[in-house]
There are 2 protein chains.
Amino acid sequence: MTHLENNTSNILEPVGKAAKEASYSLASLHSAEKKAMLLALADALEANAPEILQANAEDCREAKAADVNESLHDRLLLNPQRLAAIAFDVRAVSALPDPVGEVLDGRILDSGLSLLRRRVPLGVVAAIYEARPNVTVDVTALCLKTGNAVILRGGKETARSNKAIVNVIQNCLQRLGLPPAAVQAVTSPDRALVSALLHLDAYVDMLIPRGGSGLHRLCREQSRIPVITGGIGVCHIVVDASAEQDKALRVIENAKIQRPSACNAVETVLVHRDIAAVFLPRLAKHLGALGVTLHASDKAMPYLARQSFPSLAVTPLAPGDYDKEWLTLDMNVHVIDSLTDALEHIRLHGTTHSEAILTESMTAAERFAREVDASSIYINASTRFTDGGQFGLGAEVAISTQKLHARGPMGLDALTTYKWIATGDYTIRE
Amino acid sequence: MTHLENNTSNILEPVGKAAKEASYSLASLHSAEKKAMLLALADALEANAPEILQANAEDCREAKAADVNESLHDRLLLNPQRLAAIAFDVRAVSALPDPVGEVLDGRILDSGLSLLRRRVPLGVVAAIYEARPNVTVDVTALCLKTGNAVILRGGKETARSNKAIVNVIQNCLQRLGLPPAAVQAVTSPDRALVSALLHLDAYVDMLIPRGGSGLHRLCREQSRIPVITGGIGVCHIVVDASAEQDKALRVIENAKIQRPSACNAVETVLVHRDIAAVFLPRLAKHLGALGVTLHASDKAMPYLARQSFPSLAVTPLAPGDYDKEWLTLDMNVHVIDSLTDALEHIRLHGTTHSEAILTESMTAAERFAREVDASSIYINASTRFTDGGQFGLGAEVAISTQKLHARGPMGLDALTTYKWIATGDYTIRE
């Protein structure tokens with residue numbers, strides 16, 4: 001096969017081949033059939049809760065013995081409530097509009113051909129993610145909803161849970177007369193399987209990494225499959241001289257504190273010099289009281305005399321801090337001389353994720369929107385809105401910070417492609 | 001810089017950095033400014049024809065001395081007429097509608113945020129292509145039209161021509177007050193530069209290979225930059241039992257003969273068994289007279305007794321022929337028992353490029369359109385229509401056979417992405 005002979009033999013070849021075969025069946029399902037499939041799947045997860053929870057308990061026991069940190073353990077843990085919430089989410093996905101089949105555009109060509117573009121499933125999607133069994137179900141639901149087969153590779157700590165979940169899903173598919181290989185998990189701990197998966201481009205149409213920047217980098221560097229990268233968010237808020245300062249404090253608080261570990265949380269605030277003397281001490285006081293540590297640049301520090309706010313609230317900025325995704329209650333502050341200065345700072349240190357300006361100046365707002373290169377740009381709003389749910393997409397497949405295919409929050413559409421369909425009367429090209 | 005520290009040092013780093021810088025200027029040009037820029041560029045190419053033609057003459061002399069084949073020499077050669085045609089094409093691109101700035105969609109969110117998606121340039125595009133100096137100008141025009149900077153890597157045989165062309169372009173940009181680094185060529189013959197270019201993901205947003213399957217494979221395997229692959233077209237025409245046979249002959253002739261070297265030319269014809277005894281001899285006679293050699297499968301051969309058509313018109317199919325992109329006046333023929341049989345054959349041997357069925361059956365046509373996984377599907381038409389111009393896209397950036405970002409013929413849109421712009425009243429996420 002021409003498009004296969006490019007690859008040397010791959011240990012995951014049978015997995016890829018089975019997924020591709022299954023994808024043909026999924027692609028011909030109607031919306032109502034896919035909806036029924038997801039509802040049956042949610043029921044099956046609940047009906048088989050004991051076997052899933054038992055496998056998860058073993059994963060958790062082993063993780064505890066290996067002394068994993070608290071947050072990993074929390075992500076790993078399933079209980080009846082969480083499993084019910086997972087099933088609830090599957091039912092929510094089942095109710096979303098199906099993008100497949102939509103005609104994007106069409107026309108009659110000069111040649112007389114009638115041409116249209118029809119939205120179709122991608123085919124086979126692969127996902128690599130951390131030790132979160134809920135992602136196993138979430139990605140499965142999104143892929144099946146859009147008629148795609150999926151190959152799952154979760155964190156090694158969750159191997160038993162994933163095996164149990166996928167077992168339930170495959171049995172459910174079989175009962176419905178659908179190919180079980182539509183959903184497959186690669187659960188063996190062998191690290192070589194990740195490389196093998198990244199080289200499965202003969203069968204896999206799209207790779208979604210869900211995890212930290214290291215995973216995204218690995219995928220970008222090694223994957224032969226087109227990959228959606230993202231994951232790193234060094235987000236800025238620019239406080240222009242004209243900003244309403246009381247409201248600005250509220251927005252920065254929201255962007256930093258509501259969920260500091262999110263990739264759309266703010267990491268650096270750039271304050272215009274004309275208001276620095278007033279605004280920076282207010283910011284330090286306001287956020288200091290909420291437990292935030294400000295990392296102040298040389299230009300910001302002079303405005304931040306210790307006496308006016310909690311003693312631990314300010315520390316000098318260290319080299320590299322501008323490029324850190326803190327994900328904690330730490331935040332850089334810096335003073336800018338102009339909007340041009342702010343734009344340059346963001347180009348140097350931003351990750352094209354989410355960038356905000358707080359301003360009353362139309363000119364500044366318009367220039368910021370035009371000149372900042374980022375997936376999501378905010379005028380007088382918190383960076384925390386970069387999210388599929390907040391953007392009204394119904395579901396979130398991932399957040400992309402690259403520019404091909406999809407940018408920013410990705411909805412179900414991003415799990416589809418299109419085909420051109422041309423109908424003629426034995427039409428030839430002159 | 002966070003998104004740069006991922007990369008170890010790269011010898012093309014200064015090229016990438018300069019291109020990224022230039023891309024910011026290009027992104028803020030208005031449509032009228034970009035149009036004027038391209039018209040000035042076309043004028044400059046004509047005004048500096050002597051220096052371009054002289055460099056090209058040296059390239060051609062060296063190629064001749066190295067005994068390159070006729071077709072490479074023809075692709076390499078520039079003369080006053082060809083240069084005028086190239087300038088004409090630049091003026092045609094200048095006149096196309098500018099996709100940048102288009103608002104794709106928008107809404108007011110529950111949070112009160114006003115959200116819209118605005119189409120913007122990708123940023124920096126890289127192109128790797130063969131020894132065709134016209135591609136240097138073509139890709140430049142398409143990228144500048146859409147506000148993108150471009151890094152060009154043409155075949156080594158055309159190094160002097162490319163250097164001269166890019167020199168003219170850079171001088172023109174400088175005269176217009178635009179950054180010359182908007183268009184850069186990597187002309188040194190050092191092969192390591194190709195690897196370096198493929199690892200320039202810190203600066204380059206999209207890679208377009210234009211060339212044969214080997215180049216596309218190299219890019220898919222080694223590129224860290226998102227890449228648009230395509231290039232291989234093993235295209236099929238299925239002749240259903242209900243097809244109008246006279247017209248079918250005309251369509252197959254067109255798909256094979258009009259330009260055999262094109263990726264959308266047909267390579268294999270699959271004939272339904274119910275008409276094989278009548279249609280196959282007619283096909284052999286018709287195409288044999290036009291110089292086509294049929295490579296007949298075991299199932300097709302019995303219908304192709306030698307006496308009825310030119311003696312060289314039929315030869316037995318060899319192993320691997322089904323997977324060959326002939327690009328010549330050779331064509332495989334095979335007999336299928338059913339549409340299911342044909343669909344399976346196409347899945348096994350197709351390259352998801354262009355696939356056609358000739359039929360009077362609505363049921364067969366509809367099933368073919370739904371179940372064949374290809375960029376372009378034809379009902380009663382030649383596969384030769386898969387082309388940006390034929391599809392009414394105005395320009396053709398490339399033909400993609402992968403599924404992310406763009407599929408099939410790519411117009412100017414494919415050189416853009418979008419950004420989300422959200423405007424609020426100091427809006428926070430609850």
# chains A, B, ... in the order shown; residues from 1 in each chain; ligands from 1
>>> interface_residues(of="chain B", to="chain A", cutoff="6 Å", atoms="only C-alpha atoms", output="compact mmCIF listing (two decimals) with N, CA, C and O atoms, in the first residue's frame")
# COMPACT_ATOMS: atom_id res chain seq x y z
N MET B 1 13.40 33.16 25.85
CA MET B 1 12.04 33.17 25.33
C MET B 1 11.46 31.76 25.40
O MET B 1 12.03 30.83 24.85
N THR B 2 10.33 31.65 26.04
CA THR B 2 9.78 30.34 26.31
C THR B 2 9.61 29.50 25.05
O THR B 2 10.02 28.35 25.01
N ARG B 220 7.29 15.12 6.39
CA ARG B 220 6.43 14.55 7.43
C ARG B 220 7.27 13.90 8.52
O ARG B 220 6.96 14.00 9.70
N GLU B 221 8.36 13.27 8.13
CA GLU B 221 9.16 12.54 9.11
C GLU B 221 10.03 13.47 9.95
O GLU B 221 10.27 13.20 11.12
N ARG B 224 9.47 19.73 12.38
CA ARG B 224 8.80 20.13 13.62
C ARG B 224 7.78 21.21 13.34
O ARG B 224 7.01 21.59 14.19
N VAL B 251 -14.21 10.20 -20.67
CA VAL B 251 -13.76 10.68 -19.35
C VAL B 251 -12.42 10.03 -18.98
O VAL B 251 -11.50 10.70 -18.52
N ASP B 323 -0.03 0.26 -6.67
CA ASP B 323 0.42 1.32 -5.77
C ASP B 323 1.33 2.32 -6.46
O ASP B 323 1.92 3.17 -5.82
N HIS B 349 -5.39 0.85 -1.96
CA HIS B 349 -4.37 1.36 -2.88
C HIS B 349 -4.46 2.85 -3.14
O HIS B 349 -3.57 3.42 -3.75
N SER B 375 -9.72 13.47 -0.77
CA SER B 375 -9.89 14.93 -0.76
C SER B 375 -10.98 15.35 -1.74
O SER B 375 -11.75 16.26 -1.48
N SER B 376 -11.02 14.66 -2.90
CA SER B 376 -11.95 15.09 -3.95
C SER B 376 -12.59 13.86 -4.57
O SER B 376 -11.90 12.91 -4.96
N ILE B 377 -13.91 13.89 -4.65
CA ILE B 377 -14.67 12.75 -5.14
C ILE B 377 -15.50 13.19 -6.32
O ILE B 377 -16.15 14.25 -6.28
N TYR B 378 -15.46 12.41 -7.39
CA TYR B 378 -16.13 12.78 -8.62
C TYR B 378 -17.22 11.78 -8.98
O TYR B 378 -16.97 10.57 -8.99
N ILE B 379 -18.38 12.30 -9.27
CA ILE B 379 -19.46 11.49 -9.82
C ILE B 379 -19.58 11.90 -11.29
O ILE B 379 -19.88 13.06 -11.59
N ASN B 380 -19.31 10.98 -12.18
CA ASN B 380 -19.41 11.26 -13.62
C ASN B 380 -18.59 12.47 -14.06
O ASN B 380 -19.10 13.39 -14.70
N ALA B 381 -17.33 12.44 -13.67
CA ALA B 381 -16.42 13.50 -14.10
C ALA B 381 -14.99 12.99 -14.02
O ALA B 381 -14.70 12.01 -13.34
N SER B 382 -14.12 13.67 -14.73
CA SER B 382 -12.70 13.34 -14.76
C SER B 382 -12.03 13.74 -13.45
O SER B 382 -12.40 14.75 -12.84
N LYS B 403 -5.46 15.77 6.31
CA LYS B 403 -6.80 16.22 6.67
C LYS B 403 -6.84 17.43 7.58
O LYS B 403 -7.91 17.99 7.79
N LEU B 404 -5.70 17.82 8.14
CA LEU B 404 -5.74 18.98 9.02
C LEU B 404 -5.58 20.27 8.23
O LEU B 404 -4.85 20.32 7.25
N HIS B 405 -6.26 21.29 8.69
CA HIS B 405 -6.16 22.65 8.15
C HIS B 405 -6.84 22.79 6.80
O HIS B 405 -7.79 23.54 6.67
N THR B 417 -4.85 32.05 9.37
CA THR B 417 -5.45 31.43 10.54
C THR B 417 -6.45 32.45 11.07
O THR B 417 -6.84 33.36 10.34
N LYS B 419 -7.76 34.76 14.80
CA LYS B 419 -7.63 35.00 16.23
C LYS B 419 -9.01 35.31 16.79
O LYS B 419 -9.87 35.86 16.11
N TRP B 420 -9.21 34.90 18.04
CA TRP B 420 -10.44 35.23 18.75
C TRP B 420 -10.22 36.60 19.40
O TRP B 420 -9.22 36.80 20.08
N ILE B 421 -11.16 37.50 19.22
CA ILE B 421 -11.06 38.81 19.86
C ILE B 421 -12.31 39.00 20.72
O ILE B 421 -13.43 38.95 20.22
N ALA B 422 -12.08 39.19 22.03
CA ALA B 422 -13.20 39.32 22.97
C ALA B 422 -13.15 40.69 23.62
O ALA B 422 -12.11 41.09 24.14
N THR B 423 -14.27 41.39 23.58
CA THR B 423 -14.32 42.73 24.17
C THR B 423 -15.35 42.74 25.29
O THR B 423 -16.47 42.25 25.12
N GLY B 424 -14.95 43.28 26.44
CA GLY B 424 -15.85 43.28 27.58
C GLY B 424 -15.87 44.63 28.28
O GLY B 424 -15.38 45.62 27.76
N ASP B 425 -16.45 44.63 29.48
CA ASP B 425 -16.48 45.83 30.31
C ASP B 425 -15.80 45.43 31.62
O ASP B 425 -16.44 45.31 32.65
N TYR B 426 -14.50 45.17 31.52
CA TYR B 426 -13.72 44.67 32.65
C TYR B 426 -14.39 43.38 33.16
O TYR B 426 -14.65 43.21 34.36
N THR B 427 -14.68 42.51 32.21
CA THR B 427 -15.47 41.31 32.49
C THR B 427 -14.61 40.23 33.14
O THR B 427 -13.49 39.97 32.70
N ILE B 428 -15.16 39.60 34.17
CA ILE B 428 -14.43 38.51 34.82
C ILE B 428 -15.22 37.21 34.71
O ILE B 428 -16.42 37.22 34.49
>>> residues_around(residues="A:Leu287", least_positions_apart="5", cutoff="12 Å", atoms="only C-alpha atoms", output="ChimeraX atom specification")
/A:249-257,279-282,292-294,309-310,312-314,329-331,333
>>> write_last_selection(atoms="N, CA and C atoms", output="CSV table (one decimal), in the first residue's frame")
chain,number,residue,atom,x,y,z
A,249,LEU,N,-8.2,46.1,39.0
A,249,LEU,CA,-7.7,45.2,40.1
A,249,LEU,C,-8.6,43.9,40.1
A,250,ARG,N,-9.9,44.1,39.9
A,250,ARG,CA,-10.8,43.0,39.9
A,250,ARG,C,-10.5,42.0,38.8
A,251,VAL,N,-10.2,42.5,37.6
A,251,VAL,CA,-9.9,41.7,36.5
A,251,VAL,C,-8.6,40.9,36.7
A,252,ILE,N,-7.6,41.6,37.2
A,252,ILE,CA,-6.3,40.9,37.4
A,252,ILE,C,-6.5,39.9,38.5
A,253,GLU,N,-7.2,40.2,39.6
A,253,GLU,CA,-7.5,39.2,40.6
A,253,GLU,C,-8.1,38.0,40.0
A,254,ASN,N,-9.1,38.2,39.2
A,254,ASN,CA,-9.8,37.0,38.5
A,254,ASN,C,-8.9,36.2,37.7
A,255,ALA,N,-8.0,36.9,36.9
A,255,ALA,CA,-7.1,36.2,36.0
A,255,ALA,C,-6.0,35.4,36.7
A,256,LYS,N,-5.7,35.9,37.9
A,256,LYS,CA,-4.6,35.2,38.6
A,256,LYS,C,-5.1,34.2,39.6
A,257,ILE,N,-6.2,34.5,40.3
A,257,ILE,CA,-6.6,33.7,41.4
A,257,ILE,C,-7.7,32.7,41.2
A,279,PHE,N,-0.9,52.8,40.8
A,279,PHE,CA,-1.5,51.4,40.6
A,279,PHE,C,-0.7,50.3,41.2
A,280,LEU,N,0.6,50.3,41.0
A,280,LEU,CA,1.4,49.2,41.5
A,280,LEU,C,1.3,49.0,43.0
A,281,PRO,N,1.4,50.0,43.8
A,281,PRO,CA,1.2,49.7,45.3
A,281,PRO,C,-0.3,49.2,45.6
A,282,ARG,N,-1.2,49.7,44.9
A,282,ARG,CA,-2.6,49.2,45.1
A,282,ARG,C,-2.7,47.7,44.7
A,292,VAL,N,-0.9,36.4,46.9
A,292,VAL,CA,-0.1,36.4,45.7
A,292,VAL,C,1.3,37.1,46.0
A,293,THR,N,2.3,36.5,45.4
A,293,THR,CA,3.6,37.1,45.5
A,293,THR,C,3.9,37.8,44.1
A,294,LEU,N,4.3,39.1,44.2
A,294,LEU,CA,4.6,39.8,43.0
A,294,LEU,C,6.1,39.7,42.7
A,309,PHE,N,2.3,47.1,52.2
A,309,PHE,CA,1.5,45.9,52.0
A,309,PHE,C,2.2,44.7,52.6
A,310,PRO,N,1.5,43.6,52.7
A,310,PRO,CA,2.0,42.4,53.4
A,310,PRO,C,3.5,42.1,53.0
A,312,LEU,N,5.5,39.7,52.5
A,312,LEU,CA,5.9,38.6,51.5
A,312,LEU,C,5.4,38.9,50.1
A,313,ALA,N,4.7,40.0,49.9
A,313,ALA,CA,4.0,40.2,48.7
A,313,ALA,C,4.9,40.6,47.5
A,314,VAL,N,6.1,41.0,47.8
A,314,VAL,CA,7.0,41.5,46.6
A,314,VAL,C,8.4,40.9,46.7
A,329,LEU,N,0.4,31.1,42.8
A,329,LEU,CA,0.0,32.4,43.2
A,329,LEU,C,1.2,33.4,43.1
A,330,ASP,N,2.0,33.2,42.0
A,330,ASP,CA,3.1,34.1,41.7
A,330,ASP,C,2.8,34.9,40.4
A,331,MET,N,3.3,36.1,40.4
A,331,MET,CA,2.9,36.9,39.2
A,331,MET,C,4.0,38.0,39.0
A,333,VAL,N,5.4,41.6,37.7
A,333,VAL,CA,4.9,42.9,37.3
A,333,VAL,C,6.1,43.7,36.7
>>> residues_around(residues="stretch 297-299 of chain B", least_positions_apart="6", cutoff="10 Å", atoms="only C-alpha atoms", output="number ranges by chain")
B: 273, 276, 315-319, 321-322, 332-336
>>> atom_distance(atom1="atom CA of B:Leu197", atom2="atom CA of B:Ala127")
9.6 Å
>>> atom_distance(atom1="atom CA of B:Asp89", atom2="atom CA of B:Asn148")
18.3 Å
>>> atom_distance(atom1="atom CA of A:Lys145", atom2="atom CA of A:Leu96")
8.5 Å
>>> select_by_dssp(residues="stretch 285-371 of chain A", states="strand (DSSP E)", output="ChimeraX atom specification")
/A:293-296,314-316,330-336,354-358
>>> select_by_dssp(residues="stretch 147-338 of chain A", states="alpha helix (DSSP H)", output="short mmCIF file (atom, residue, chain, number, x, y, z; two decimals) with N, CA and C atoms, in the first residue's frame")
data_model
loop_
_atom_site.label_atom_id
_atom_site.label_comp_id
_atom_site.auth_asym_id
_atom_site.auth_seq_id
_atom_site.Cartn_x
_atom_site.Cartn_y
_atom_site.Cartn_z
N ALA A 159 -3.20 2.87 34.11
CA ALA A 159 -3.32 1.80 33.13
C ALA A 159 -4.50 0.86 33.42
N ARG A 160 -4.65 0.45 34.68
CA ARG A 160 -5.74 -0.49 35.00
C ARG A 160 -7.10 0.17 34.82
N SER A 161 -7.21 1.42 35.27
CA SER A 161 -8.49 2.13 35.13
C SER A 161 -8.84 2.25 33.64
N ASN A 162 -7.86 2.64 32.84
CA ASN A 162 -8.13 2.82 31.41
C ASN A 162 -8.51 1.51 30.74
N LYS A 163 -7.83 0.45 31.13
CA LYS A 163 -8.13 -0.87 30.56
C LYS A 163 -9.58 -1.25 30.89
N ALA A 164 -9.96 -1.02 32.14
CA ALA A 164 -11.32 -1.37 32.56
C ALA A 164 -12.35 -0.52 31.83
N ILE A 165 -12.08 0.78 31.72
CA ILE A 165 -13.03 1.69 31.05
C ILE A 165 -13.18 1.31 29.58
N VAL A 166 -12.04 1.08 28.91
CA VAL A 166 -12.10 0.77 27.47
C VAL A 166 -12.74 -0.59 27.25
N ASN A 167 -12.56 -1.48 28.20
CA ASN A 167 -13.21 -2.78 28.13
C ASN A 167 -14.74 -2.63 28.14
N VAL A 168 -15.22 -1.79 29.04
CA VAL A 168 -16.66 -1.51 29.11
C VAL A 168 -17.14 -0.88 27.80
N ILE A 169 -16.37 0.06 27.30
CA ILE A 169 -16.75 0.75 26.06
C ILE A 169 -16.79 -0.23 24.88
N GLN A 170 -15.76 -1.07 24.79
CA GLN A 170 -15.69 -2.02 23.67
C GLN A 170 -16.84 -3.02 23.72
N ASN A 171 -17.17 -3.50 24.94
CA ASN A 171 -18.31 -4.42 25.07
C ASN A 171 -19.60 -3.74 24.64
N CYS A 172 -19.73 -2.50 25.01
CA CYS A 172 -20.92 -1.73 24.64
C CYS A 172 -21.01 -1.59 23.11
N LEU A 173 -19.88 -1.25 22.48
CA LEU A 173 -19.86 -1.10 21.02
C LEU A 173 -20.25 -2.41 20.35
N GLN A 174 -19.69 -3.51 20.85
CA GLN A 174 -19.97 -4.82 20.28
C GLN A 174 -21.46 -5.15 20.35
N ARG A 175 -22.04 -4.85 21.53
CA ARG A 175 -23.49 -5.08 21.71
C ARG A 175 -24.30 -4.31 20.69
N ALA A 192 8.52 2.71 24.70
CA ALA A 192 8.72 2.65 23.25
C ALA A 192 7.39 2.76 22.51
N LEU A 193 6.31 2.44 23.20
CA LEU A 193 5.00 2.51 22.55
C LEU A 193 4.61 3.95 22.21
N VAL A 194 5.11 4.90 22.99
CA VAL A 194 4.80 6.30 22.69
C VAL A 194 5.44 6.69 21.35
N SER A 195 6.72 6.34 21.19
CA SER A 195 7.37 6.60 19.90
C SER A 195 6.64 5.89 18.77
N ALA A 196 6.28 4.64 19.01
CA ALA A 196 5.57 3.88 17.98
C ALA A 196 4.27 4.57 17.60
N LEU A 197 3.58 5.09 18.61
CA LEU A 197 2.31 5.78 18.35
C LEU A 197 2.56 7.04 17.51
N LEU A 198 3.61 7.76 17.84
CA LEU A 198 3.92 9.01 17.12
C LEU A 198 4.31 8.75 15.66
N SER A 213 3.89 21.18 28.93
CA SER A 213 4.66 21.64 27.78
C SER A 213 5.65 20.58 27.31
N GLY A 214 6.15 19.76 28.22
CA GLY A 214 7.11 18.72 27.83
C GLY A 214 6.48 17.74 26.86
N LEU A 215 5.25 17.35 27.13
CA LEU A 215 4.54 16.42 26.24
C LEU A 215 4.32 17.07 24.86
N HIS A 216 3.92 18.33 24.87
CA HIS A 216 3.68 19.02 23.60
C HIS A 216 4.95 19.12 22.78
N ARG A 217 6.07 19.40 23.46
CA ARG A 217 7.34 19.52 22.75
C ARG A 217 7.73 18.16 22.15
N LEU A 218 7.62 17.10 22.98
CA LEU A 218 7.93 15.75 22.49
C LEU A 218 7.14 15.45 21.22
N CYS A 219 5.85 15.76 21.26
CA CYS A 219 4.99 15.45 20.12
C CYS A 219 5.40 16.26 18.90
N ARG A 220 5.68 17.54 19.11
CA ARG A 220 6.07 18.37 17.97
C ARG A 220 7.38 17.86 17.36
N GLU A 221 8.28 17.42 18.21
CA GLU A 221 9.59 17.02 17.71
C GLU A 221 9.58 15.64 17.06
N GLN A 222 8.75 14.74 17.58
CA GLN A 222 8.86 13.36 17.12
C GLN A 222 7.70 12.86 16.30
N GLN A 245 -9.04 51.90 37.28
CA GLN A 245 -8.14 51.12 38.15
C GLN A 245 -8.88 50.18 39.10
N ASP A 246 -9.99 50.57 39.64
CA ASP A 246 -10.72 49.67 40.55
C ASP A 246 -11.12 48.40 39.82
N LYS A 247 -11.68 48.60 38.63
CA LYS A 247 -12.10 47.45 37.83
C LYS A 247 -10.90 46.63 37.37
N ALA A 248 -9.79 47.30 37.08
CA ALA A 248 -8.59 46.59 36.64
C ALA A 248 -8.11 45.63 37.72
N LEU A 249 -8.15 46.08 38.97
CA LEU A 249 -7.73 45.20 40.08
C LEU A 249 -8.58 43.94 40.10
N ARG A 250 -9.87 44.11 39.90
CA ARG A 250 -10.81 42.99 39.92
C ARG A 250 -10.50 41.99 38.79
N VAL A 251 -10.19 42.53 37.60
CA VAL A 251 -9.90 41.66 36.46
C VAL A 251 -8.59 40.89 36.69
N ILE A 252 -7.58 41.59 37.19
CA ILE A 252 -6.29 40.92 37.44
C ILE A 252 -6.47 39.85 38.52
N GLU A 253 -7.19 40.19 39.56
CA GLU A 253 -7.47 39.20 40.62
C GLU A 253 -8.12 37.95 40.02
N ASN A 254 -9.12 38.18 39.17
CA ASN A 254 -9.81 37.04 38.55
C ASN A 254 -8.85 36.22 37.69
N ALA A 255 -8.03 36.90 36.92
CA ALA A 255 -7.14 36.21 35.97
C ALA A 255 -6.05 35.43 36.70
N LYS A 256 -5.65 35.92 37.88
CA LYS A 256 -4.58 35.22 38.61
C LYS A 256 -5.13 34.19 39.58
N ILE A 257 -6.21 34.53 40.26
CA ILE A 257 -6.59 33.75 41.45
C ILE A 257 -7.66 32.70 41.21
N ARG A 273 3.69 53.45 32.69
CA ARG A 273 4.47 54.23 33.65
C ARG A 273 3.68 55.40 34.24
N ASP A 274 2.73 55.93 33.46
CA ASP A 274 1.99 57.10 33.95
C ASP A 274 1.13 56.80 35.17
N ILE A 275 0.78 55.53 35.36
CA ILE A 275 -0.05 55.20 36.53
C ILE A 275 0.68 54.26 37.50
N ALA A 276 1.94 53.96 37.19
CA ALA A 276 2.66 52.96 37.99
C ALA A 276 2.73 53.35 39.46
N ALA A 277 2.98 54.62 39.74
CA ALA A 277 3.17 55.05 41.12
C ALA A 277 1.90 54.86 41.94
N VAL A 278 0.76 54.99 41.30
CA VAL A 278 -0.51 54.78 42.01
C VAL A 278 -0.96 53.32 41.96
N PHE A 279 -0.90 52.76 40.76
CA PHE A 279 -1.52 51.45 40.57
C PHE A 279 -0.70 50.30 41.17
N LEU A 280 0.61 50.34 41.00
CA LEU A 280 1.41 49.19 41.48
C LEU A 280 1.28 48.96 42.99
N PRO A 281 1.37 50.00 43.83
CA PRO A 281 1.16 49.74 45.27
C PRO A 281 -0.25 49.20 45.56
N ARG A 282 -1.24 49.70 44.86
CA ARG A 282 -2.61 49.20 45.06
C ARG A 282 -2.69 47.71 44.70
N LEU A 283 -2.05 47.37 43.57
CA LEU A 283 -2.05 45.98 43.10
C LEU A 283 -1.37 45.07 44.13
N ALA A 284 -0.23 45.52 44.63
CA ALA A 284 0.52 44.70 45.60
C ALA A 284 -0.30 44.51 46.87
N LYS A 285 -0.97 45.54 47.29
CA LYS A 285 -1.78 45.47 48.50
C LYS A 285 -2.97 44.51 48.29
N HIS A 286 -3.64 44.73 47.16
CA HIS A 286 -4.83 43.95 46.85
C HIS A 286 -4.50 42.46 46.71
N LEU A 287 -3.50 42.16 45.89
CA LEU A 287 -3.17 40.74 45.65
C LEU A 287 -2.39 40.14 46.81
N GLY A 288 -1.57 40.98 47.48
CA GLY A 288 -0.81 40.50 48.64
C GLY A 288 -1.76 39.94 49.70
#
>>> residues_around(residues="stretch 34-49 of chain B", least_positions_apart="6", cutoff="6 Å", atoms="only C-alpha atoms", output="compact mmCIF listing (two decimals) with all heavy atoms, in the first residue's frame")
# COMPACT_ATOMS: atom_id res chain seq x y z
N ALA B 87 5.46 37.61 -14.23
CA ALA B 87 5.02 38.93 -13.76
C ALA B 87 3.50 39.08 -13.93
O ALA B 87 2.81 39.64 -13.06
CB ALA B 87 5.76 40.03 -14.52
N VAL B 90 1.80 37.42 -11.09
CA VAL B 90 1.87 38.22 -9.85
C VAL B 90 0.78 39.28 -9.87
O VAL B 90 0.09 39.50 -8.86
CB VAL B 90 3.26 38.89 -9.71
CG1 VAL B 90 3.27 39.86 -8.53
CG2 VAL B 90 4.34 37.83 -9.54
N ARG B 91 0.56 39.89 -11.03
CA ARG B 91 -0.50 40.91 -11.14
C ARG B 91 -1.88 40.25 -10.94
O ARG B 91 -2.77 40.85 -10.34
CB ARG B 91 -0.42 41.62 -12.50
CG ARG B 91 0.82 42.48 -12.62
CD ARG B 91 0.86 43.35 -13.87
NE ARG B 91 2.13 44.06 -13.92
CZ ARG B 91 3.16 43.73 -14.72
NH1 ARG B 91 3.06 42.73 -15.57
NH2 ARG B 91 4.29 44.41 -14.65
N SER B 94 -2.34 39.80 -7.32
CA SER B 94 -2.59 41.10 -6.66
C SER B 94 -4.08 41.46 -6.73
O SER B 94 -4.60 42.11 -5.83
CB SER B 94 -1.75 42.20 -7.30
OG SER B 94 -2.38 42.71 -8.47
N LYS B 145 0.53 38.43 -0.53
CA LYS B 145 -0.88 38.79 -0.68
C LYS B 145 -1.65 38.56 0.62
O LYS B 145 -2.58 39.30 0.95
CB LYS B 145 -1.49 37.94 -1.80
CG LYS B 145 -2.98 38.13 -2.01
CD LYS B 145 -3.28 39.45 -2.70
CE LYS B 145 -4.75 39.77 -2.72
NZ LYS B 145 -5.02 41.05 -3.38
>>> closest_residue(among="A:Gln184, A:Glu51, A:Leu207, A:His353", to="A:Gly231", atoms="only C-alpha atoms")
A:His353
>>> closest_residue(among="B:Leu144, B:Ala65, B:Ala18, B:Ala85", to="B:Ser31", atoms="only C-alpha atoms")
B:Leu144
